[in-house]
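K.L.:
Below you will find the structure I want to go over with you.
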Amino acid sequence: MTTLLLIIIYIAFISLGLPDSMLGAAWPTVRADLSLPMAGAGLISMIISCGTIISSILSGKLIQKLGTGKLTSISVFITAMALLGYSFSLSYVWLCLMAIPLGLGAGAVDAALNNFVALHFSARHMSWLHCFWGFGATAGPAIMSVAISHNGSWQKGYLSVAIIQIFLVIILLVSLPLWRLFGEGREESIIAENQSQYVFQLPGIRSALLGFFCYCALEATTGLWGASYLVQTKGVSADVAAGWISVYYLGITIGRLVNGFITAKWSNPALIRCGQFIIGIGAVLLLISNQTYVNLLGLILIGMGCAPIYPSMLHETPARFGKNNSSKLMGVQMAFAYIGTMLVPPAIGVLSSVVGIQFYPIFIMVLLITMFVSSEKINKIVARRA
């Protein structure tokens, strides 16, 4: 039963990753079809992010009311309907409207599944869970590419993913008894007994939220501005730089796959420190070297360093703040992570236009140091309590 439920959760995370990377892949064709400006994708992305933040914050109460299984089924259904709406879209306004349920559905299922795995499974499964998200995020643009090349239609790409999501909804509905057998009632009673404790009063919570904010800001900033830095500062050609950024994301995915095998011997705090150290080495290499392959190595190291941090921070939530607060906190932490993703990369883009893109590795180091300090502060609080 446990193995079957894990397989379903992994499939759900692949499907969660599928639409996350499709907008960028589809946008050149969407823009040409609908005669839209280049910046039009930014508004759609921000609407999705806002919906994700809202549903993440509300996920604790939703888990309490519905349970993880029902909430996941409903959220994936909402996502499927949004993607189906995209497949029939003929206007920019409709794309923006469909972005609302797409964000709301994605945030709720993300927080619910992360909380369930943090409570009931080992750290290796949390790492592999996010590795499977990477597989989905990699497959999304590939599906869109096939749809555009064979049919010339970006709508068909979204339709394909919508159909995949609908099949997943059917699987989730059939699997609902599995979630109950696994102890959802026990999880919900733990939440109900401790509903009175206000999460923002927990020792170390502000540092935890800052850590999530900085990590996701760092990951997104590296991916968004890495190619521009390589082209403008290191003299790398645009096509090569774009390929190197894909290697950066591949480093995160493979790193999480490998990380799952070493979690049995390393604690979550140790994995977080190790990842931060590797990111630091990668940022330094980008800053000090003009050698082509040293810069590539720097990007790969940043990706590999990112790999264990986010899953380990999520899995450490019950240990840091108690199982009774996990479901309430998981959504809040992820909301702050999404805020970091939404706000910091554009802000660094504006800052880079003023002071120059050559300070890109410095920006990464600032985010890294802030994340490290906040993480160590929480470790001291947990050690003191123990």
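Please note that chains go A, B, ... in the order of the structure tokens, that every chain numbers its residues from 1, and that ligands are numbered from 1 in the order shown.
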When you look at Leu297 of chain A with a cut-off of 12 Å (counting only C-alpha atoms), what residues show up, excluding the ones that are within fewer than 6 positions of it in the same chain? I need them as an NGL selection string.
P.N.:
:A and (244-245 or 247-248 or 251 or 278-279 or 281-286 or 289-291 or 303-305)
K.L.:
Would you mind exporting the chosen residues as a CSV table (one decimal), in the first residue's frame, restricted to all heavy atoms?
P.N.:
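Written output follows (out_14.csv):
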chain,number,residue,atom,x,y,z
A,244,TRP,N,23.9,26.2,-21.6
A,244,TRP,CA,24.5,26.0,-20.3
A,244,TRP,C,23.4,26.2,-19.2
A,244,TRP,O,23.5,25.6,-18.1
A,244,TRP,CB,25.6,27.0,-20.1
A,244,TRP,CG,26.8,26.7,-20.8
A,244,TRP,CD1,27.0,25.7,-21.7
A,244,TRP,CD2,28.1,27.3,-20.7
A,244,TRP,NE1,28.3,25.7,-22.2
A,244,TRP,CE2,29.0,26.7,-21.6
A,244,TRP,CE3,28.6,28.4,-20.0
A,244,TRP,CZ2,30.3,27.0,-21.8
A,244,TRP,CZ3,29.9,28.8,-20.2
A,244,TRP,CH2,30.8,28.1,-21.0
A,245,ILE,N,22.4,27.1,-19.4
A,245,ILE,CA,21.4,27.2,-18.4
A,245,ILE,C,20.5,26.0,-18.3
A,245,ILE,O,20.1,25.6,-17.2
A,245,ILE,CB,20.5,28.4,-18.7
A,245,ILE,CG1,21.3,29.7,-18.7
A,245,ILE,CG2,19.3,28.5,-17.8
A,245,ILE,CD1,21.9,30.0,-17.3
A,247,VAL,N,21.8,23.0,-18.6
A,247,VAL,CA,22.6,22.2,-17.8
A,247,VAL,C,22.5,22.5,-16.4
A,247,VAL,O,22.6,21.6,-15.5
A,247,VAL,CB,24.1,22.3,-18.3
A,247,VAL,CG1,25.0,21.5,-17.4
A,247,VAL,CG2,24.2,21.8,-19.7
A,248,TYR,N,22.3,23.8,-16.0
A,248,TYR,CA,22.1,24.2,-14.6
A,248,TYR,C,20.9,23.5,-14.1
A,248,TYR,O,20.9,22.9,-13.0
A,248,TYR,CB,22.0,25.7,-14.6
A,248,TYR,CG,21.3,26.2,-13.4
A,248,TYR,CD1,21.9,26.2,-12.1
A,248,TYR,CD2,20.0,26.8,-13.5
A,248,TYR,CE1,21.2,26.7,-11.0
A,248,TYR,CE2,19.4,27.3,-12.4
A,248,TYR,CZ,20.0,27.3,-11.1
A,248,TYR,OH,19.3,27.7,-10.0
A,251,GLY,N,21.4,19.9,-13.6
A,251,GLY,CA,22.2,19.7,-12.4
A,251,GLY,C,21.4,19.6,-11.1
A,251,GLY,O,21.6,18.8,-10.2
A,278,ILE,N,28.6,24.3,-1.7
A,278,ILE,CA,28.8,24.0,-3.2
A,278,ILE,C,28.4,25.2,-4.0
A,278,ILE,O,29.0,25.6,-5.0
A,278,ILE,CB,28.1,22.7,-3.6
A,278,ILE,CG1,28.7,21.5,-2.9
A,278,ILE,CG2,28.2,22.6,-5.1
A,278,ILE,CD1,28.0,20.2,-3.1
A,279,ILE,N,27.2,25.8,-3.6
A,279,ILE,CA,26.8,27.0,-4.3
A,279,ILE,C,27.8,28.1,-4.2
A,279,ILE,O,28.1,28.8,-5.2
A,279,ILE,CB,25.4,27.5,-3.8
A,279,ILE,CG1,24.3,26.6,-4.1
A,279,ILE,CG2,25.1,28.9,-4.3
A,279,ILE,CD1,23.0,26.9,-3.4
A,281,ILE,N,31.1,27.9,-3.9
A,281,ILE,CA,32.2,27.6,-4.8
A,281,ILE,C,31.8,28.0,-6.2
A,281,ILE,O,32.6,28.6,-6.9
A,281,ILE,CB,32.6,26.1,-4.7
A,281,ILE,CG1,33.2,25.8,-3.3
A,281,ILE,CG2,33.6,25.8,-5.7
A,281,ILE,CD1,33.4,24.3,-3.1
A,282,GLY,N,30.6,27.6,-6.6
A,282,GLY,CA,30.2,27.9,-8.0
A,282,GLY,C,30.1,29.4,-8.3
A,282,GLY,O,30.6,29.8,-9.3
A,283,ALA,N,29.6,30.1,-7.3
A,283,ALA,CA,29.5,31.6,-7.5
A,283,ALA,C,30.9,32.2,-7.6
A,283,ALA,O,31.1,33.1,-8.4
A,283,ALA,CB,28.7,32.2,-6.3
A,284,VAL,N,31.8,31.7,-6.8
A,284,VAL,CA,33.2,32.3,-6.8
A,284,VAL,C,33.8,32.0,-8.1
A,284,VAL,O,34.5,32.9,-8.7
A,284,VAL,CB,34.0,31.7,-5.6
A,284,VAL,CG1,35.5,32.0,-5.8
A,284,VAL,CG2,33.5,32.2,-4.3
A,285,LEU,N,33.6,30.8,-8.6
A,285,LEU,CA,34.2,30.4,-10.0
A,285,LEU,C,33.7,31.3,-11.1
A,285,LEU,O,34.4,31.8,-11.9
A,285,LEU,CB,33.9,29.0,-10.3
A,285,LEU,CG,34.7,27.9,-9.5
A,285,LEU,CD1,34.3,26.5,-9.9
A,285,LEU,CD2,36.2,28.1,-9.6
A,286,LEU,N,32.4,31.6,-11.0
A,286,LEU,CA,31.8,32.5,-12.0
A,286,LEU,C,32.4,33.9,-11.9
A,286,LEU,O,32.6,34.6,-12.9
A,286,LEU,CB,30.2,32.6,-11.8
A,286,LEU,CG,29.4,31.5,-12.3
A,286,LEU,CD1,27.9,31.7,-12.0
A,286,LEU,CD2,29.5,31.3,-13.9
A,289,SER,N,36.8,33.8,-12.7
A,289,SER,CA,37.4,33.2,-13.9
A,289,SER,C,36.8,33.6,-15.2
A,289,SER,O,35.6,33.9,-15.3
A,289,SER,CB,37.3,31.6,-13.8
A,289,SER,OG,37.8,31.0,-14.9
A,290,ASN,N,37.6,33.7,-16.2
A,290,ASN,CA,37.2,34.0,-17.6
A,290,ASN,C,37.3,32.8,-18.5
A,290,ASN,O,37.1,32.9,-19.7
A,290,ASN,CB,37.9,35.2,-18.2
A,290,ASN,CG,37.5,36.5,-17.6
A,290,ASN,OD1,36.4,36.8,-17.4
A,290,ASN,ND2,38.5,37.3,-17.2
A,291,GLN,N,37.7,31.6,-17.9
A,291,GLN,CA,37.8,30.4,-18.7
A,291,GLN,C,36.5,29.8,-18.9
A,291,GLN,O,35.6,29.7,-18.0
A,291,GLN,CB,38.7,29.4,-17.9
A,291,GLN,CG,40.1,29.9,-17.7
A,291,GLN,CD,40.9,30.0,-19.0
A,291,GLN,OE1,40.8,29.1,-19.9
A,291,GLN,NE2,41.7,31.1,-19.1
A,303,GLY,N,23.9,24.6,-9.5
A,303,GLY,CA,22.7,23.7,-9.7
A,303,GLY,C,22.8,22.5,-8.7
A,303,GLY,O,21.8,22.1,-8.1
A,304,MET,N,24.0,21.9,-8.7
A,304,MET,CA,24.2,20.7,-7.8
A,304,MET,C,24.0,21.1,-6.3
A,304,MET,O,23.5,20.4,-5.5
A,304,MET,CB,25.6,20.1,-8.0
A,304,MET,CG,25.8,19.5,-9.4
A,304,MET,SD,24.8,18.0,-9.7
A,304,MET,CE,25.6,16.8,-8.6
A,305,GLY,N,24.5,22.3,-6.0
A,305,GLY,CA,24.3,22.8,-4.6
A,305,GLY,C,22.9,23.1,-4.3
A,305,GLY,O,22.5,22.9,-3.1
K.L.:
Restricting the calculation to only C-alpha atoms, which member of A:Ala139, A:Leu113, A:Val354, A:Ala80 is positioned closest to Val169 of chain A?
P.N.:
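Going through A:Ala139, A:Leu113, A:Val354, A:Ala80 one by one, the smallest distance to Val169 of chain A is for A:Ala80.
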K.L.:
Can you build me a table of segment 47-161 of chain A residues sitting at most 10 Å from segment 8-19 of chain A, with the closest atom pair per residue and its distance in Å to one decimal, using only C-alpha atoms, sorted by chain and residue number, as CSV?
P.N.:
residue,atom,partner,partner_atom,distance
A:Gly69,CA,A:Ile9,CA,10.0
A:Thr72,CA,A:Ala12,CA,8.6
A:Ser73,CA,A:Ala12,CA,9.6
A:Val76,CA,A:Leu16,CA,8.2
A:Thr79,CA,A:Leu16,CA,8.9
A:Ala80,CA,A:Pro19,CA,9.9
A:Leu83,CA,A:Pro19,CA,8.1
A:Leu102,CA,A:Pro19,CA,8.8
A:Gly105,CA,A:Leu16,CA,9.5
A:Ala106,CA,A:Leu16,CA,6.7
A:Gly107,CA,A:Leu16,CA,9.6
A:Val109,CA,A:Leu16,CA,8.1
A:Asp110,CA,A:Leu16,CA,7.6
A:Leu113,CA,A:Ile9,CA,7.3
A:Asn114,CA,A:Ile9,CA,9.7
A:Phe116,CA,A:Ile9,CA,9.6
A:Val117,CA,A:Ile9,CA,8.8
A:His125,CA,A:Tyr10,CA,9.1
A:Met126,CA,A:Tyr10,CA,9.9
A:Trp128,CA,A:Tyr10,CA,8.2
A:Leu129,CA,A:Tyr10,CA,5.9
A:His130,CA,A:Phe13,CA,7.4
A:Cys131,CA,A:Ile14,CA,8.8
A:Phe132,CA,A:Ile14,CA,5.3
A:Trp133,CA,A:Gly17,CA,4.8
A:Gly134,CA,A:Gly17,CA,6.5
A:Phe135,CA,A:Ile14,CA,6.3
A:Gly136,CA,A:Ile14,CA,4.3
A:Ala137,CA,A:Gly17,CA,4.4
A:Thr138,CA,A:Leu18,CA,7.5
A:Ala139,CA,A:Leu18,CA,6.3
A:Gly140,CA,A:Leu18,CA,4.4
A:Pro141,CA,A:Leu18,CA,8.0
A:Ala142,CA,A:Leu18,CA,9.7
A:Ile143,CA,A:Leu18,CA,8.9
A:Met144,CA,A:Pro19,CA,9.8
A:Gly157,CA,A:Pro19,CA,10.0
A:Tyr158,CA,A:Pro19,CA,8.1
A:Val161,CA,A:Leu18,CA,7.2
K.L.:
Using only C-alpha atoms, which of the listed residues (A:Phe261, A:Trp154, A:Phe121, A:Trp27) sits closest to Phe88 of chain A?
P.N.:
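Of A:Phe261, A:Trp154, A:Phe121, A:Trp27, the one nearest Phe88 of chain A, counting only C-alpha atoms, is A:Trp154.
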K.L.:
My list of candidates is A:Val344, A:Ala111, A:Ile381, A:Ile48. Which is closest to Gly60 of chain A when distances are computed with only C-alpha atoms?
P.N.:
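Nearest candidate to Gly60 of chain A out of A:Val344, A:Ala111, A:Ile381, A:Ile48: A:Ala111.
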K.L.:
When DSSP is applied to the backbone of this structure, which of segment 138-237 of chain A are assigned alpha helix (DSSP H)? Write them out as a tab-separated table (two decimals) with N, CA and C atoms, in the first residue's frame.
P.N.:
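The new file selection_24.tsv reads:
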chain	number	residue	atom	x	y	z
A	138	THR	N	10.95	19.28	-17.31
A	138	THR	CA	11.72	19.03	-18.52
A	138	THR	C	10.82	18.54	-19.65
A	139	ALA	N	9.82	17.72	-19.29
A	139	ALA	CA	8.94	17.14	-20.31
A	139	ALA	C	7.94	18.16	-20.87
A	140	GLY	N	7.54	19.15	-20.05
A	140	GLY	CA	6.56	20.14	-20.49
A	140	GLY	C	6.94	20.85	-21.79
A	141	PRO	N	8.13	21.47	-21.84
A	141	PRO	CA	8.54	22.13	-23.09
A	141	PRO	C	8.68	21.14	-24.25
A	142	ALA	N	9.08	19.89	-23.96
A	142	ALA	CA	9.21	18.89	-25.03
A	142	ALA	C	7.85	18.59	-25.65
A	143	ILE	N	6.82	18.45	-24.81
A	143	ILE	CA	5.45	18.21	-25.31
A	143	ILE	C	4.99	19.39	-26.16
A	144	MET	N	5.27	20.60	-25.67
A	144	MET	CA	4.87	21.80	-26.40
A	144	MET	C	5.62	21.88	-27.74
A	145	SER	N	6.90	21.54	-27.72
A	145	SER	CA	7.70	21.58	-28.95
A	145	SER	C	7.15	20.62	-30.00
A	146	VAL	N	6.78	19.41	-29.59
A	146	VAL	CA	6.22	18.42	-30.52
A	146	VAL	C	4.89	18.93	-31.09
A	147	ALA	N	4.05	19.52	-30.23
A	147	ALA	CA	2.74	20.02	-30.68
A	147	ALA	C	2.90	21.13	-31.71
A	148	ILE	N	3.84	22.03	-31.45
A	148	ILE	CA	4.04	23.17	-32.37
A	148	ILE	C	4.64	22.70	-33.69
A	149	SER	N	5.63	21.79	-33.61
A	149	SER	CA	6.31	21.34	-34.83
A	149	SER	C	5.42	20.46	-35.71
A	150	HIS	N	4.53	19.67	-35.09
A	150	HIS	CA	3.68	18.77	-35.87
A	150	HIS	C	2.36	19.40	-36.29
A	151	ASN	N	1.79	20.23	-35.43
A	151	ASN	CA	0.47	20.81	-35.71
A	151	ASN	C	0.49	22.32	-35.88
A	154	TRP	N	0.07	25.75	-30.45
A	154	TRP	CA	0.44	25.70	-29.03
A	154	TRP	C	-0.74	25.23	-28.19
A	155	GLN	N	-1.97	25.45	-28.69
A	155	GLN	CA	-3.16	24.97	-27.96
A	155	GLN	C	-3.15	23.45	-27.81
A	156	LYS	N	-2.67	22.73	-28.83
A	156	LYS	CA	-2.62	21.27	-28.77
A	156	LYS	C	-1.64	20.81	-27.68
A	157	GLY	N	-0.58	21.58	-27.46
A	157	GLY	CA	0.36	21.25	-26.39
A	157	GLY	C	-0.32	21.31	-25.03
A	158	TYR	N	-1.08	22.39	-24.79
A	158	TYR	CA	-1.81	22.51	-23.53
A	158	TYR	C	-2.90	21.45	-23.41
A	159	LEU	N	-3.54	21.10	-24.53
A	159	LEU	CA	-4.57	20.07	-24.51
A	159	LEU	C	-3.98	18.73	-24.09
A	160	SER	N	-2.79	18.41	-24.61
A	160	SER	CA	-2.13	17.14	-24.26
A	160	SER	C	-1.88	17.05	-22.77
A	161	VAL	N	-1.38	18.13	-22.18
A	161	VAL	CA	-1.08	18.13	-20.75
A	161	VAL	C	-2.38	18.11	-19.94
A	162	ALA	N	-3.43	18.78	-20.43
A	162	ALA	CA	-4.73	18.75	-19.75
A	162	ALA	C	-5.27	17.32	-19.69
A	163	ILE	N	-5.11	16.57	-20.77
A	163	ILE	CA	-5.58	15.18	-20.80
A	163	ILE	C	-4.79	14.33	-19.79
A	164	ILE	N	-3.48	14.55	-19.73
A	164	ILE	CA	-2.66	13.85	-18.74
A	164	ILE	C	-3.16	14.14	-17.32
A	165	GLN	N	-3.47	15.41	-17.05
A	165	GLN	CA	-3.95	15.80	-15.72
A	165	GLN	C	-5.30	15.17	-15.40
A	166	ILE	N	-6.17	15.07	-16.40
A	166	ILE	CA	-7.49	14.45	-16.18
A	166	ILE	C	-7.35	12.97	-15.82
A	167	PHE	N	-6.43	12.27	-16.51
A	167	PHE	CA	-6.15	10.88	-16.15
A	167	PHE	C	-5.64	10.78	-14.72
A	168	LEU	N	-4.81	11.75	-14.31
A	168	LEU	CA	-4.28	11.75	-12.95
A	168	LEU	C	-5.41	11.96	-11.93
A	169	VAL	N	-6.38	12.82	-12.26
A	169	VAL	CA	-7.52	13.03	-11.38
A	169	VAL	C	-8.26	11.72	-11.14
A	170	ILE	N	-8.46	10.94	-12.20
A	170	ILE	CA	-9.14	9.64	-12.08
A	170	ILE	C	-8.34	8.72	-11.16
A	171	ILE	N	-7.02	8.68	-11.34
A	171	ILE	CA	-6.16	7.85	-10.48
A	171	ILE	C	-6.27	8.29	-9.03
A	172	LEU	N	-6.25	9.60	-8.79
A	172	LEU	CA	-6.33	10.13	-7.43
A	172	LEU	C	-7.67	9.80	-6.78
A	173	LEU	N	-8.75	9.89	-7.54
A	173	LEU	CA	-10.07	9.58	-6.98
A	173	LEU	C	-10.16	8.10	-6.59
A	174	VAL	N	-9.61	7.23	-7.43
A	174	VAL	CA	-9.62	5.79	-7.13
A	174	VAL	C	-8.76	5.50	-5.90
A	176	LEU	N	-8.31	7.34	-3.19
A	176	LEU	CA	-8.71	8.01	-1.95
A	176	LEU	C	-8.72	7.07	-0.72
A	177	PRO	N	-9.20	5.83	-0.84
A	177	PRO	CA	-9.14	4.94	0.33
A	177	PRO	C	-7.72	4.69	0.83
A	178	LEU	N	-6.73	4.73	-0.09
A	178	LEU	CA	-5.33	4.53	0.30
A	178	LEU	C	-4.87	5.63	1.26
A	179	TRP	N	-5.23	6.87	0.97
A	179	TRP	CA	-4.81	7.99	1.81
A	179	TRP	C	-5.40	7.83	3.21
A	180	ARG	N	-6.64	7.39	3.28
A	180	ARG	CA	-7.28	7.22	4.60
A	180	ARG	C	-6.64	6.09	5.38
A	181	LEU	N	-6.32	4.99	4.68
A	181	LEU	CA	-5.66	3.87	5.34
A	181	LEU	C	-4.28	4.25	5.86
A	184	GLU	N	-4.60	9.53	7.37
A	184	GLU	CA	-4.98	10.94	7.26
A	184	GLU	C	-5.78	11.41	8.46
A	185	GLY	N	-6.62	10.53	9.02
A	185	GLY	CA	-7.39	10.92	10.19
A	185	GLY	C	-6.49	11.30	11.35
A	186	ARG	N	-5.38	10.54	11.51
A	186	ARG	CA	-4.42	10.84	12.58
A	186	ARG	C	-3.77	12.20	12.33
A	187	GLU	N	-3.43	12.44	11.07
A	187	GLU	CA	-2.80	13.72	10.72
A	187	GLU	C	-3.75	14.88	11.02
A	188	GLU	N	-5.02	14.74	10.66
A	188	GLU	CA	-5.99	15.81	10.87
A	188	GLU	C	-6.26	16.06	12.35
A	189	SER	N	-6.25	14.98	13.17
A	189	SER	CA	-6.50	15.17	14.59
A	189	SER	C	-5.35	15.90	15.25
A	190	ILE	N	-4.13	15.65	14.78
A	190	ILE	CA	-2.96	16.37	15.30
A	190	ILE	C	-3.11	17.86	15.02
A	191	ILE	N	-3.57	18.18	13.81
A	191	ILE	CA	-3.76	19.59	13.45
A	191	ILE	C	-4.83	20.22	14.34
A	192	ALA	N	-5.97	19.52	14.51
A	192	ALA	CA	-7.09	20.08	15.26
A	192	ALA	C	-6.72	20.34	16.72
A	193	GLU	N	-5.93	19.43	17.32
A	193	GLU	CA	-5.57	19.58	18.72
A	193	GLU	C	-4.70	20.80	18.97
A	205	ILE	N	10.67	30.91	13.31
A	205	ILE	CA	9.85	30.88	12.10
A	205	ILE	C	10.24	31.97	11.12
A	206	ARG	N	10.59	33.15	11.62
A	206	ARG	CA	10.94	34.24	10.70
A	206	ARG	C	12.23	33.91	9.94
A	207	SER	N	13.17	33.29	10.64
A	207	SER	CA	14.40	32.87	9.96
A	207	SER	C	14.11	31.79	8.92
A	208	ALA	N	13.19	30.89	9.23
A	208	ALA	CA	12.82	29.83	8.29
A	208	ALA	C	12.20	30.42	7.02
A	209	LEU	N	11.29	31.36	7.21
A	209	LEU	CA	10.63	31.99	6.06
A	209	LEU	C	11.63	32.77	5.22
A	210	LEU	N	12.58	33.43	5.88
A	210	LEU	CA	13.63	34.15	5.15
A	210	LEU	C	14.49	33.18	4.35
A	211	GLY	N	14.77	32.01	4.94
A	211	GLY	CA	15.56	31.00	4.24
A	211	GLY	C	14.87	30.51	2.98
A	212	PHE	N	13.56	30.24	3.06
A	212	PHE	CA	12.81	29.80	1.88
A	212	PHE	C	12.77	30.90	0.82
A	213	PHE	N	12.56	32.13	1.27
A	213	PHE	CA	12.53	33.28	0.36
A	213	PHE	C	13.85	33.38	-0.40
A	214	CYS	N	14.97	33.31	0.33
A	214	CYS	CA	16.28	33.48	-0.29
A	214	CYS	C	16.64	32.32	-1.20
A	215	TYR	N	16.29	31.08	-0.78
A	215	TYR	CA	16.65	29.94	-1.62
A	215	TYR	C	15.98	30.04	-2.99
A	216	CYS	N	14.66	30.21	-2.99
A	216	CYS	CA	13.95	30.23	-4.28
A	216	CYS	C	14.31	31.46	-5.10
A	217	ALA	N	14.61	32.58	-4.42
A	217	ALA	CA	15.09	33.76	-5.14
A	217	ALA	C	16.42	33.47	-5.82
A	218	LEU	N	17.30	32.76	-5.11
A	218	LEU	CA	18.61	32.41	-5.66
A	218	LEU	C	18.47	31.46	-6.85
A	219	GLU	N	17.66	30.42	-6.69
A	219	GLU	CA	17.49	29.44	-7.77
A	219	GLU	C	16.93	30.10	-9.03
A	220	ALA	N	15.89	30.94	-8.85
A	220	ALA	CA	15.26	31.59	-10.00
A	220	ALA	C	16.17	32.65	-10.63
A	221	THR	N	16.91	33.40	-9.79
A	221	THR	CA	17.82	34.42	-10.30
A	221	THR	C	18.93	33.80	-11.13
A	222	THR	N	19.48	32.69	-10.65
A	222	THR	CA	20.54	32.00	-11.40
A	222	THR	C	20.04	31.58	-12.77
A	223	GLY	N	18.84	31.00	-12.82
A	223	GLY	CA	18.30	30.55	-14.10
A	223	GLY	C	17.91	31.67	-15.04
A	224	LEU	N	17.38	32.77	-14.49
A	224	LEU	CA	16.87	33.84	-15.34
A	224	LEU	C	17.98	34.70	-15.93
A	225	TRP	N	19.00	35.02	-15.13
A	225	TRP	CA	20.01	35.99	-15.57
A	225	TRP	C	21.37	35.37	-15.88
A	226	GLY	N	21.48	34.04	-15.71
A	226	GLY	CA	22.77	33.38	-15.97
A	226	GLY	C	23.25	33.55	-17.40
A	227	ALA	N	22.35	33.35	-18.37
A	227	ALA	CA	22.75	33.45	-19.77
A	227	ALA	C	23.17	34.88	-20.12
A	228	SER	N	22.44	35.87	-19.61
A	228	SER	CA	22.79	37.27	-19.88
A	228	SER	C	24.18	37.60	-19.32
A	229	TYR	N	24.47	37.08	-18.12
A	229	TYR	CA	25.78	37.32	-17.50
A	229	TYR	C	26.89	36.70	-18.36
A	230	LEU	N	26.68	35.47	-18.80
A	230	LEU	CA	27.70	34.78	-19.60
A	230	LEU	C	27.94	35.49	-20.93
A	231	VAL	N	26.88	35.97	-21.56
A	231	VAL	CA	27.01	36.64	-22.86
A	231	VAL	C	27.67	38.00	-22.71
A	232	GLN	N	27.20	38.81	-21.77
A	232	GLN	CA	27.66	40.20	-21.67
A	232	GLN	C	28.98	40.36	-20.92
A	233	THR	N	29.27	39.45	-19.98
A	233	THR	CA	30.47	39.60	-19.16
A	233	THR	C	31.58	38.63	-19.55
A	234	LYS	N	31.22	37.42	-19.95
A	234	LYS	CA	32.22	36.40	-20.23
A	234	LYS	C	32.43	36.16	-21.73
K.L.:
Could you pull the residues within 9 Å of His315 of chain A, counting only C-alpha atoms, minus those fewer than 3 positions along the same chain, as a CSV table (one decimal) with N, CA, C and O atoms, in the first residue's frame?
P.N.:
chain,number,residue,atom,x,y,z
A,114,ASN,N,3.8,18.0,-0.2
A,114,ASN,CA,5.1,18.2,0.5
A,114,ASN,C,4.9,18.0,2.0
A,114,ASN,O,5.7,17.4,2.7
A,115,ASN,N,3.7,18.4,2.5
A,115,ASN,CA,3.5,18.2,4.0
A,115,ASN,C,3.3,16.7,4.2
A,115,ASN,O,3.8,16.2,5.2
A,117,VAL,N,4.4,14.1,2.6
A,117,VAL,CA,5.7,13.4,2.6
A,117,VAL,C,6.6,13.7,3.7
A,117,VAL,O,7.3,12.8,4.3
A,118,ALA,N,6.6,15.0,4.2
A,118,ALA,CA,7.5,15.4,5.3
A,118,ALA,C,7.0,14.7,6.6
A,118,ALA,O,7.8,14.3,7.4
A,119,LEU,N,5.7,14.4,6.7
A,119,LEU,CA,5.2,13.8,7.9
A,119,LEU,C,5.3,12.3,7.9
A,119,LEU,O,5.6,11.7,8.9
A,121,PHE,N,7.1,10.1,5.3
A,121,PHE,CA,8.2,9.5,4.6
A,121,PHE,C,9.5,10.0,4.9
A,121,PHE,O,9.7,11.1,5.5
A,122,SER,N,10.6,9.3,4.5
A,122,SER,CA,11.9,9.7,4.9
A,122,SER,C,12.4,10.8,3.9
A,122,SER,O,11.8,11.2,2.9
A,123,ALA,N,13.6,11.4,4.3
A,123,ALA,CA,14.1,12.5,3.5
A,123,ALA,C,14.4,12.1,2.1
A,123,ALA,O,14.3,13.0,1.2
A,126,MET,N,11.5,12.8,-0.1
A,126,MET,CA,11.3,14.2,-0.4
A,126,MET,C,12.2,14.7,-1.5
A,126,MET,O,11.8,15.5,-2.4
A,127,SER,N,13.4,14.3,-1.4
A,127,SER,CA,14.4,14.6,-2.5
A,127,SER,C,14.0,14.1,-3.8
A,127,SER,O,14.0,14.8,-4.9
A,268,ASN,N,19.3,16.3,7.5
A,268,ASN,CA,18.9,17.5,6.7
A,268,ASN,C,19.7,18.7,6.9
A,268,ASN,O,20.1,19.4,5.9
A,310,TYR,N,16.3,22.8,-0.9
A,310,TYR,CA,14.8,22.9,-0.8
A,310,TYR,C,14.1,21.7,-0.3
A,310,TYR,O,13.3,21.8,0.7
A,311,PRO,N,14.4,20.5,-0.8
A,311,PRO,CA,13.7,19.3,-0.2
A,311,PRO,C,14.1,19.1,1.2
A,311,PRO,O,13.2,18.7,2.0
A,312,SER,N,15.4,19.4,1.6
A,312,SER,CA,15.8,19.1,3.0
A,312,SER,C,15.1,20.1,3.9
A,312,SER,O,14.7,19.8,5.0
A,318,PRO,N,8.8,19.4,10.2
A,318,PRO,CA,8.3,18.8,11.4
A,318,PRO,C,9.3,18.8,12.6
A,318,PRO,O,9.0,18.9,13.7
A,319,ALA,N,10.6,18.5,12.2
A,319,ALA,CA,11.6,18.5,13.2
A,319,ALA,C,11.9,19.9,13.8
A,319,ALA,O,12.2,20.1,15.0
K.L.:
Go through A:Ala25, A:Gly298, A:Cys274, A:Tyr92 and flag the residue nearest Leu43 of chain A, using only C-alpha atoms for the distances.
P.N.:
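Ranked by minimum distance to Leu43 of chain A, first place goes to A:Tyr92.
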K.L.:
Pick out the residues sitting within 12 Å of Ala270 of chain A, and hand them over as a list in words; count only C-alpha atoms, and ignore anything fewer than 2 positions along from it in its own chain.
P.N.:
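My list of contacting residues is Asn259, Ile262, Thr263, Ala264, Lys265, Trp266, Ser267, Asn268, Ile272, Arg273, Cys274, Gly275, Gln276, Phe277, Pro308, Ile309, Ser312, Met313, Glu316, Phe372, Ser375, Glu376 and Asn379 of chain A.
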K.L.:
What is the distance, in Å and to one decimal place, between atom CA of Ser153 of chain A and atom CA of Tyr249 of chain A?
P.N.:
26.5 Å
